[in-house]
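Down below is the structure, laid out as structure tokens.
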Amino acid sequence: MNRNPSPPSSEVEEEEDAVGNTVYSKHWLFSILTRLIEVISPEKPEPIVSPEGIQMELDEEMEHDICKVWDMSMDEDVALFLQEFNAPDIFMGIFAKSKCPRLTEICVGILGNMACFQDICMSISKDENLGQVLLQRLCDTDSPTLLETSRLLLTCLSQPEVASIWVERIRENPSVYDCVCFIMSSSTNVELLVKVGEVVDKLFDLDEELMLNWIKSGSCPSVGPSVDDSPEELPDFKIVPCVLEAAKQVRSDNPEGLDVYMHILQLLTTVDEGIQAIVQVPDGGKETWSLLYDLVCHELCQPDDPPIIVQEQKTVLASILSVLSAMFASQTEQEYTKMRKNMPLIGSLIRILQYMEGCGKRAGDSSKESEQEETATADVNDKDFHLKILKDICCELLSNMLQELTKENTLEGLHQGHLNEQTCSCAFQNLLPLYFASVESFLEVLREADQTLADNLEKCFPSLKVHS
């Protein structure tokens, strides 16, 4: 007699098999974890753990299934299930034994998704062995794995409860500096460069001591990533040239990435050692100045851009001008800071101020229209705050540069169109009264170059005439 077919699973059984409130199956997830354990099990070696160290391909079915887990791990219930069944320990075994870059990338990516949840992030971060293994991934030669590792680190560094754990761990691992510098100086993968830049930016913002250590690093031979298991000696990395190289790579393809690297340079200028690191490289800082000068004069906030562009570019402009200001103040004897070469920069600074005035009027109109809308008003105030920071930095640099102008420089500026009644009026309007001495000094020089223009400006700004 034939047996009756098995009855369909009851709703109760299906609910018991579901992960949390999801429709995902515990049984299926557990089966994938079991297969991963088999991959690293010494009793049943898989091709992807080749003893010869050959980087093998991941089985197509296995890749498909584990990529599903990667997607599912963005759900907190799934992430908690993976944590409960020791997925991080399994992944550690994968990192230690697998020679398959794709498998390593996916496992790091799953950990990165799991770390988005505070309790799991705390557990991952407190695991010293896992933490060390993850930092070692920064010495990997596989770009996708480096990208996922950087994402994971940024996720952890962005959570205040665990950020200090990672800062301390990184501070105690000199190889992290070497590997990060190696990536910034040699990679052409823009997505990777941006993510690594975000990690460096976050580290410097969180911990000045670590930033100082990295500024001072590079005085001894470094050991870094190699194609095989033997370490290879790396160049004597310095942080500033590496940041500059990465900035050049991302400048055309990724505005957000450029913003990140310019902010790293700005953070370096917040300490004397950082400024010295910028201006005491073999070229005296010329490469840094040239890059930033080119960005301000030829790429950002250009004459054919609408004034509102300054809103989009305010943070990157503030970072760039802050670095230029620090360099100008410390390197007045360098050839690249001579005013005869920098009249276009003065013109660009004034144009930025002009565009900000236009944005200020638009912001004022917007504020009136949204008087009853608190959210809109708060947004306007936030924009005003960032524009004020940009204005302060811009005015400081402009005032210092105007004080250095000679009659010859001024005549050249007039001839090139960087200086005229409109641009000078804008400059005076923004610089007075805080930078009165600078404006007065420039007006004396301008009087020698163009008496009529100087007289007209005095009529527009009576406070100058009183003191003349």
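Letters for chains follow the order of the structure tokens (A, B, ...), residue numbers begin at 1 for each chain, and ligand numbers begin at 1 in the order shown.
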Polymer residues at most 10 Å from A:Ile37, only C-alpha atoms, same-chain spacing of 6 or more positions, as a PDB file with N, CA and C atoms, in the first residue's frame:
ATOM      1  N   SER A  31      21.972  26.277   6.708  1.00  0.00           N
ATOM      2  CA  SER A  31      22.620  25.393   5.731  1.00  0.00           C
ATOM      3  C   SER A  31      23.778  26.114   5.029  1.00  0.00           C
ATOM      4  N   LYS A  44      37.641  18.281   4.999  1.00  0.00           N
ATOM      5  CA  LYS A  44      37.097  18.273   3.643  1.00  0.00           C
ATOM      6  C   LYS A  44      37.570  19.508   2.891  1.00  0.00           C
ATOM      7  N   ALA A  87      28.500  33.592  13.061  1.00  0.00           N
ATOM      8  CA  ALA A  87      28.978  33.876  11.702  1.00  0.00           C
ATOM      9  C   ALA A  87      30.320  34.614  11.703  1.00  0.00           C
ATOM     10  N   ASP A  89      32.863  34.286  13.638  1.00  0.00           N
ATOM     11  CA  ASP A  89      33.945  33.309  13.834  1.00  0.00           C
ATOM     12  C   ASP A  89      34.170  32.484  12.569  1.00  0.00           C
ATOM     13  N   ILE A  90      33.075  32.143  11.911  1.00  0.00           N
ATOM     14  CA  ILE A  90      33.191  31.402  10.646  1.00  0.00           C
ATOM     15  C   ILE A  90      33.938  32.240   9.614  1.00  0.00           C
ATOM     16  N   PHE A  91      33.597  33.535   9.560  1.00  0.00           N
ATOM     17  CA  PHE A  91      34.250  34.423   8.601  1.00  0.00           C
ATOM     18  C   PHE A  91      35.741  34.556   8.905  1.00  0.00           C
ATOM     19  N   GLY A  93      37.627  32.260  10.036  1.00  0.00           N
ATOM     20  CA  GLY A  93      38.241  31.077   9.452  1.00  0.00           C
ATOM     21  C   GLY A  93      38.402  31.217   7.949  1.00  0.00           C
ATOM     22  N   ILE A  94      37.396  31.821   7.315  1.00  0.00           N
ATOM     23  CA  ILE A  94      37.470  32.075   5.867  1.00  0.00           C
ATOM     24  C   ILE A  94      38.671  32.970   5.558  1.00  0.00           C
TER      25      ILE A  94
END
Surrounding residues of A:Ser217 excluding itself and chain neighbours under 5 positions, 8 Å, only C-alpha atoms, as a ChimeraX atom specification
/A:237-239
How would the residues just chosen look if you wrote them out with N, CA and C atoms as a compact mmCIF listing (two decimals), in the first residue's frame?
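What landed in part.txt:
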# COMPACT_ATOMS: atom_id res chain seq x y z
N PHE A 237 56.71 56.15 2.92
CA PHE A 237 55.50 56.94 2.68
C PHE A 237 55.44 58.18 3.56
N LYS A 238 54.98 59.29 2.97
CA LYS A 238 54.62 60.49 3.69
C LYS A 238 53.14 60.76 3.42
N ILE A 239 52.44 61.21 4.42
CA ILE A 239 50.99 61.32 4.30
C ILE A 239 50.56 62.33 3.25
Correct to one decimal, the distance atom CA of A:Gln403-atom CA of A:Ser438 is 5.4 Å
Near A:Ser463, within 12 Å and counting only C-alpha atoms, which residues show up once chain neighbours fewer than 4 positions away are dropped, as an mmCIF file with N, CA and C atoms, in the first residue's frame?
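The resulting file, part_36.cif, is shown below:
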data_model
loop_
_atom_site.group_PDB
_atom_site.id
_atom_site.type_symbol
_atom_site.label_atom_id
_atom_site.label_comp_id
_atom_site.auth_asym_id
_atom_site.auth_seq_id
_atom_site.Cartn_x
_atom_site.Cartn_y
_atom_site.Cartn_z
ATOM 1 N N PHE A 428 35.926 95.276 -0.530
ATOM 2 C CA PHE A 428 35.867 96.210 0.595
ATOM 3 C C PHE A 428 34.619 95.967 1.447
ATOM 4 N N GLN A 429 33.500 95.712 0.781
ATOM 5 C CA GLN A 429 32.241 95.500 1.485
ATOM 6 C C GLN A 429 32.351 94.326 2.451
ATOM 7 N N LEU A 432 35.595 95.046 5.314
ATOM 8 C CA LEU A 432 35.422 96.084 6.330
ATOM 9 C C LEU A 432 34.317 95.712 7.300
ATOM 10 N N PRO A 433 34.458 96.075 8.568
ATOM 11 C CA PRO A 433 35.581 96.820 9.163
ATOM 12 C C PRO A 433 36.691 95.924 9.734
ATOM 13 N N PHE A 436 40.312 96.348 8.260
ATOM 14 C CA PHE A 436 40.494 97.743 7.841
ATOM 15 C C PHE A 436 41.939 98.016 7.428
ATOM 16 N N ALA A 437 42.904 97.563 8.201
ATOM 17 C CA ALA A 437 44.322 97.839 7.906
ATOM 18 C C ALA A 437 44.723 97.284 6.542
ATOM 19 N N VAL A 439 42.692 96.709 3.931
ATOM 20 C CA VAL A 439 42.030 97.498 2.890
ATOM 21 C C VAL A 439 42.738 98.838 2.719
ATOM 22 N N GLU A 440 43.093 99.475 3.819
ATOM 23 C CA GLU A 440 43.776 100.771 3.760
ATOM 24 C C GLU A 440 45.127 100.641 3.060
ATOM 25 N N LEU A 457 36.384 104.686 -4.939
ATOM 26 C CA LEU A 457 36.175 103.746 -3.837
ATOM 27 C C LEU A 457 36.094 104.479 -2.502
ATOM 28 N N GLU A 458 36.878 105.522 -2.346
ATOM 29 C CA GLU A 458 36.828 106.311 -1.110
ATOM 30 C C GLU A 458 35.462 106.965 -0.937
ATOM 31 N N LYS A 459 34.869 107.388 -2.060
ATOM 32 C CA LYS A 459 33.533 108.000 -1.987
ATOM 33 C C LYS A 459 32.485 106.971 -1.550
ATOM 34 N N HIS A 467 40.292 108.215 7.410
ATOM 35 C CA HIS A 467 41.594 107.804 7.899
ATOM 36 C C HIS A 467 42.723 108.087 6.935
ATOM 37 N N SER A 468 42.411 108.533 5.705
ATOM 38 C CA SER A 468 43.465 108.753 4.723
ATOM 39 C C SER A 468 44.163 110.075 4.962
#
field: Contacts of stretch 340-342 of chain A at 10 Å (only C-alpha atoms; same-chain gap of 3+ positions) as a list in words
entry: Tyr293, Cys297, Glu335, Tyr336, Thr337, Leu345, Ile346, Gly347, Ser348, Met401, Leu405, Thr406, Glu408, Asn409, Thr410, Glu412 and Gly413 of chain A
Dump all heavy atoms for the selected residues as a compact mmCIF listing (two decimals), in the first residue's frame?
# COMPACT_ATOMS: atom_id res chain seq x y z
N TYR A 293 45.37 75.77 -6.20
CA TYR A 293 45.23 76.97 -7.04
C TYR A 293 44.44 76.64 -8.31
O TYR A 293 43.53 77.38 -8.72
CB TYR A 293 46.62 77.48 -7.40
CG TYR A 293 46.67 78.65 -8.35
CD1 TYR A 293 46.80 79.95 -7.87
CD2 TYR A 293 46.62 78.47 -9.73
CE1 TYR A 293 46.86 81.04 -8.74
CE2 TYR A 293 46.68 79.54 -10.61
CZ TYR A 293 46.79 80.82 -10.12
OH TYR A 293 46.86 81.88 -10.99
N CYS A 297 40.90 78.35 -9.30
CA CYS A 297 40.94 79.29 -10.43
C CYS A 297 40.35 78.73 -11.72
O CYS A 297 39.90 79.49 -12.58
CB CYS A 297 42.38 79.75 -10.69
SG CYS A 297 43.06 80.74 -9.35
N GLU A 335 58.42 80.95 -3.97
CA GLU A 335 58.15 81.56 -5.27
C GLU A 335 56.67 81.46 -5.65
O GLU A 335 56.09 82.37 -6.22
CB GLU A 335 59.02 80.89 -6.35
CG GLU A 335 58.89 81.50 -7.73
CD GLU A 335 59.37 82.94 -7.82
OE1 GLU A 335 60.19 83.35 -6.96
OE2 GLU A 335 58.92 83.66 -8.72
N TYR A 336 56.06 80.32 -5.30
CA TYR A 336 54.67 80.12 -5.73
C TYR A 336 53.69 81.03 -5.01
O TYR A 336 52.53 81.15 -5.42
CB TYR A 336 54.26 78.65 -5.59
CG TYR A 336 54.31 78.09 -4.18
CD1 TYR A 336 53.32 78.38 -3.24
CD2 TYR A 336 55.32 77.21 -3.80
CE1 TYR A 336 53.37 77.85 -1.96
CE2 TYR A 336 55.37 76.66 -2.53
CZ TYR A 336 54.39 76.99 -1.61
OH TYR A 336 54.43 76.46 -0.35
N THR A 337 54.10 81.65 -3.89
CA THR A 337 53.20 82.57 -3.20
C THR A 337 53.39 84.03 -3.62
O THR A 337 52.70 84.91 -3.11
CB THR A 337 53.39 82.47 -1.67
OG1 THR A 337 54.74 82.83 -1.33
CG2 THR A 337 53.09 81.08 -1.17
N LEU A 345 44.07 84.25 -8.51
CA LEU A 345 43.51 83.73 -7.27
C LEU A 345 42.74 84.82 -6.52
O LEU A 345 41.66 84.56 -5.97
CB LEU A 345 44.62 83.17 -6.38
CG LEU A 345 44.21 82.58 -5.04
CD1 LEU A 345 43.14 81.51 -5.22
CD2 LEU A 345 45.42 81.99 -4.30
N ILE A 346 43.27 86.05 -6.53
CA ILE A 346 42.55 87.16 -5.91
C ILE A 346 41.22 87.37 -6.62
O ILE A 346 40.17 87.57 -5.99
CB ILE A 346 43.40 88.45 -5.95
CG1 ILE A 346 44.52 88.36 -4.92
CG2 ILE A 346 42.54 89.69 -5.69
CD1 ILE A 346 45.40 89.59 -4.84
N GLY A 347 41.24 87.31 -7.96
CA GLY A 347 40.00 87.43 -8.73
C GLY A 347 38.99 86.35 -8.36
O GLY A 347 37.78 86.62 -8.24
N SER A 348 39.48 85.13 -8.17
CA SER A 348 38.59 84.02 -7.81
C SER A 348 38.01 84.20 -6.42
O SER A 348 36.83 83.90 -6.18
CB SER A 348 39.35 82.69 -7.90
OG SER A 348 39.74 82.41 -9.23
N MET A 401 46.47 88.56 1.18
CA MET A 401 47.03 88.71 -0.17
C MET A 401 47.04 90.17 -0.62
O MET A 401 47.99 90.64 -1.24
CB MET A 401 46.26 87.84 -1.16
CG MET A 401 46.34 86.34 -0.86
SD MET A 401 45.60 85.29 -2.12
CE MET A 401 46.93 85.24 -3.32
N LEU A 405 50.28 93.15 -2.14
CA LEU A 405 50.29 93.68 -3.51
C LEU A 405 51.21 94.89 -3.65
O LEU A 405 51.25 95.76 -2.79
CB LEU A 405 48.88 94.07 -3.94
CG LEU A 405 47.89 92.92 -4.23
CD1 LEU A 405 46.52 93.49 -4.58
CD2 LEU A 405 48.41 92.05 -5.36
N THR A 406 51.93 94.92 -4.77
CA THR A 406 52.74 96.09 -5.13
C THR A 406 52.01 96.85 -6.23
O THR A 406 50.99 96.40 -6.76
CB THR A 406 54.11 95.65 -5.65
OG1 THR A 406 53.92 94.88 -6.86
CG2 THR A 406 54.85 94.80 -4.63
N GLU A 408 53.05 97.24 -9.22
CA GLU A 408 53.15 96.44 -10.45
C GLU A 408 52.10 95.32 -10.46
O GLU A 408 51.46 95.06 -11.48
CB GLU A 408 54.55 95.84 -10.58
CG GLU A 408 55.66 96.83 -10.87
CD GLU A 408 55.98 97.74 -9.68
OE1 GLU A 408 55.68 97.33 -8.52
OE2 GLU A 408 56.48 98.87 -9.91
N ASN A 409 51.94 94.65 -9.31
CA ASN A 409 50.92 93.59 -9.22
C ASN A 409 49.53 94.16 -9.48
O ASN A 409 48.72 93.56 -10.20
CB ASN A 409 50.91 92.96 -7.82
CG ASN A 409 52.25 92.38 -7.40
OD1 ASN A 409 52.58 92.39 -6.23
ND2 ASN A 409 53.03 91.88 -8.35
N THR A 410 49.27 95.33 -8.88
CA THR A 410 47.95 95.95 -9.00
C THR A 410 47.67 96.35 -10.45
O THR A 410 46.56 96.13 -10.95
CB THR A 410 47.86 97.17 -8.08
OG1 THR A 410 48.16 96.77 -6.73
CG2 THR A 410 46.48 97.78 -8.12
N GLU A 412 48.87 94.94 -13.04
CA GLU A 412 48.62 93.69 -13.76
C GLU A 412 47.20 93.19 -13.50
O GLU A 412 46.51 92.73 -14.41
CB GLU A 412 49.64 92.63 -13.32
CG GLU A 412 49.57 91.34 -14.11
CD GLU A 412 50.64 90.34 -13.68
OE1 GLU A 412 51.42 90.65 -12.76
OE2 GLU A 412 50.66 89.25 -14.27
N GLY A 413 46.76 93.29 -12.24
CA GLY A 413 45.41 92.87 -11.90
C GLY A 413 44.36 93.71 -12.60
O GLY A 413 43.33 93.19 -13.05
Report as a short mmCIF file (atom, residue, chain, number, x, y, z; two decimals) with C-alpha atoms, in the first residue's frame all protein, DNA and RNA residues lying within 12 Å of A:Val271, evaluated on only C-alpha atoms, omitting residues in the same chain fewer than 3 positions from it.
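Resulting contents of around-v3.cif:
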data_model
loop_
_atom_site.label_atom_id
_atom_site.label_comp_id
_atom_site.auth_asym_id
_atom_site.auth_seq_id
_atom_site.Cartn_x
_atom_site.Cartn_y
_atom_site.Cartn_z
CA PHE A 204 41.86 62.42 11.88
CA GLU A 208 44.50 64.30 16.89
CA GLU A 209 47.14 62.05 18.45
CA MET A 211 46.88 62.22 13.07
CA LEU A 212 50.14 63.49 14.60
CA ASN A 213 51.54 59.95 14.58
CA ILE A 215 52.22 62.95 10.09
CA LEU A 265 44.40 68.46 4.10
CA GLN A 266 42.46 71.04 6.10
CA LEU A 267 42.58 68.83 9.20
CA LEU A 268 46.36 68.56 8.76
CA GLY A 274 50.64 69.25 9.68
CA ILE A 275 51.40 72.62 8.12
CA GLN A 276 55.09 71.79 8.20
CA ALA A 277 54.38 68.43 6.57
CA ILE A 278 52.69 70.29 3.71
CA VAL A 323 44.82 75.19 3.36
CA ALA A 326 47.73 78.43 6.10
#
request  = Using atom CA of A:Ile393 and atom CA of A:Ala318 as the two end points, give the distance in Å to one decimal.
outcome  =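 Distance between the two atoms: 6.6 Å.
If you count only C-alpha atoms and ignore residues fewer than 3 places along the chain from A:Leu147, what sits within 8 Å of it is Ser143, Pro144, Ser150, Arg151, Glu191, Leu192, Lys195 and Val196 of chain A.
The spacing separating atom CA of A:Gly257 from atom CA of A:Thr145 amounts to 19.3 Å.
Residues of stretch 51-250 of chain A carrying a DSSP assignment of strand (DSSP E), computed from the backbone, are A:Ser222, A:Val223, A:Gly224, A:Glu232, A:Glu233, A:Leu234.
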Give me the residues within 10 Å of A:Asp127 as a PDB file with C-alpha atoms, in the first residue's frame, counting only C-alpha atoms and dropping any in the same chain fewer than 4 places off.
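Written file, selection08.pdb:
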ATOM      1  CA  PRO A  88      31.855  36.272  12.602  1.00  0.00           C
ATOM      2  CA  ASP A  89      33.945  33.309  13.834  1.00  0.00           C
ATOM      3  CA  MET A 122      29.758  46.481  19.756  1.00  0.00           C
ATOM      4  CA  SER A 123      30.253  42.717  19.749  1.00  0.00           C
ATOM      5  CA  GLY A 131      39.531  43.288  14.924  1.00  0.00           C
ATOM      6  CA  GLN A 132      43.151  42.403  14.158  1.00  0.00           C
TER       7      GLN A 132
END
**Q.** alpha helix (DSSP H) call set, DSSP backbone run, stretch 166-314 of chain A, as an MDAnalysis selection string
**A.** chainID A and resid 166:171 174:186 190:206 208:216 239:250 255:268 272:279 286:298 309:314
